[in-house]
Amino acid sequence: MRHRISTLFKTLTLFITAAIMALSTGCVTQQPKPVADNCPIPSGNRVDDAFLTAQSTLSNPECRYKFDAVLNALLVISQGDPKMENQRLFSDFFIWAEKEGLISKIQAKKYYNTYFMPKFVSLPSNYQTCSHCPNLRKILTNCKQELKKKEVGLLKICNNKTAYAKASDDLQTIALILEAICSACAVE
């Protein structure tokens, strides 16, 4: 009887051990199901395809939060094929995004002007007064950062050397004017 109980106990122990191993092995080897990416970010090197992917992605209400990531991808992809037509593609994209309610009309204009126009949007509208002098360094820093975006848009995406040179020259002129005004304001 004792031998029978011992054998039964060993069998039960082996069964429980095998069951635990099977369960734990099953958990480890079970692969998660792949999740479909309903919000793909444009990739590759074909500019037209990238804009189609961008609009397709952002048309999905669940993907609207990816606007900045999509825009950054478009900026990178477009640098691989610099041409003036890219400026129109971005203009059309910003107009579309505004009509879709992804960005406001003011944001669309600001994005476009920041990257594709020599005019500086980070410059105060009335920069020829003493009121901006306490923020002079911040204004100039913002303009320099904007010039880097203009380098991407005007030079690297559109290959518009003339417009970029104008923006660069304008920034130097603006900096001189601002510093002169603030020097004059300090004397008063």
# chains A, B, ... in the order shown; residues from 1 in each chain; ligands from 1
$ closest_atom_pairs --of "segment 146-177 of chain A" --to "segment 80-96 of chain A" --cutoff "7 Å" --atoms "only C-alpha atoms" --output "JSON lines"
{"residue": "A:Lys156", "atom": "CA", "partner": "A:Pro82", "partner_atom": "CA", "distance": 6.0}
{"residue": "A:Ile157", "atom": "CA", "partner": "A:Pro82", "partner_atom": "CA", "distance": 4.4}
{"residue": "A:Cys158", "atom": "CA", "partner": "A:Lys83", "partner_atom": "CA", "distance": 4.4}
{"residue": "A:Asn159", "atom": "CA", "partner": "A:Pro82", "partner_atom": "CA", "distance": 5.5}
$ write_last_selection --atoms "C-alpha atoms" --output "PDB file, in the first residue's frame"
ATOM      1  CA  LYS A 156      17.140  71.655 -49.924  1.00  0.00           C
ATOM      2  CA  ILE A 157      13.548  70.978 -51.049  1.00  0.00           C
ATOM      3  CA  CYS A 158      13.004  73.580 -53.785  1.00  0.00           C
ATOM      4  CA  ASN A 159      16.599  74.296 -54.835  1.00  0.00           C
TER       5      ASN A 159
END
$ residues_around --residues "Ser43 of chain A" --least-positions-apart "2" --cutoff "9 Å" --atoms "only C-alpha atoms" --output "number ranges by chain"
A: 40-41, 45-46, 49-50, 53, 73-74, 77
$ atom_distance --atom1 "atom CA of Ile139 of chain A" --atom2 "atom CA of Pro124 of chain A"
8.0 Å
$ atom_distance --atom1 "atom CA of Asn38 of chain A" --atom2 "atom CA of Leu71 of chain A"
17.0 Å
$ atom_distance --atom1 "atom CA of Cys130 of chain A" --atom2 "atom CA of Gln172 of chain A"
19.0 Å
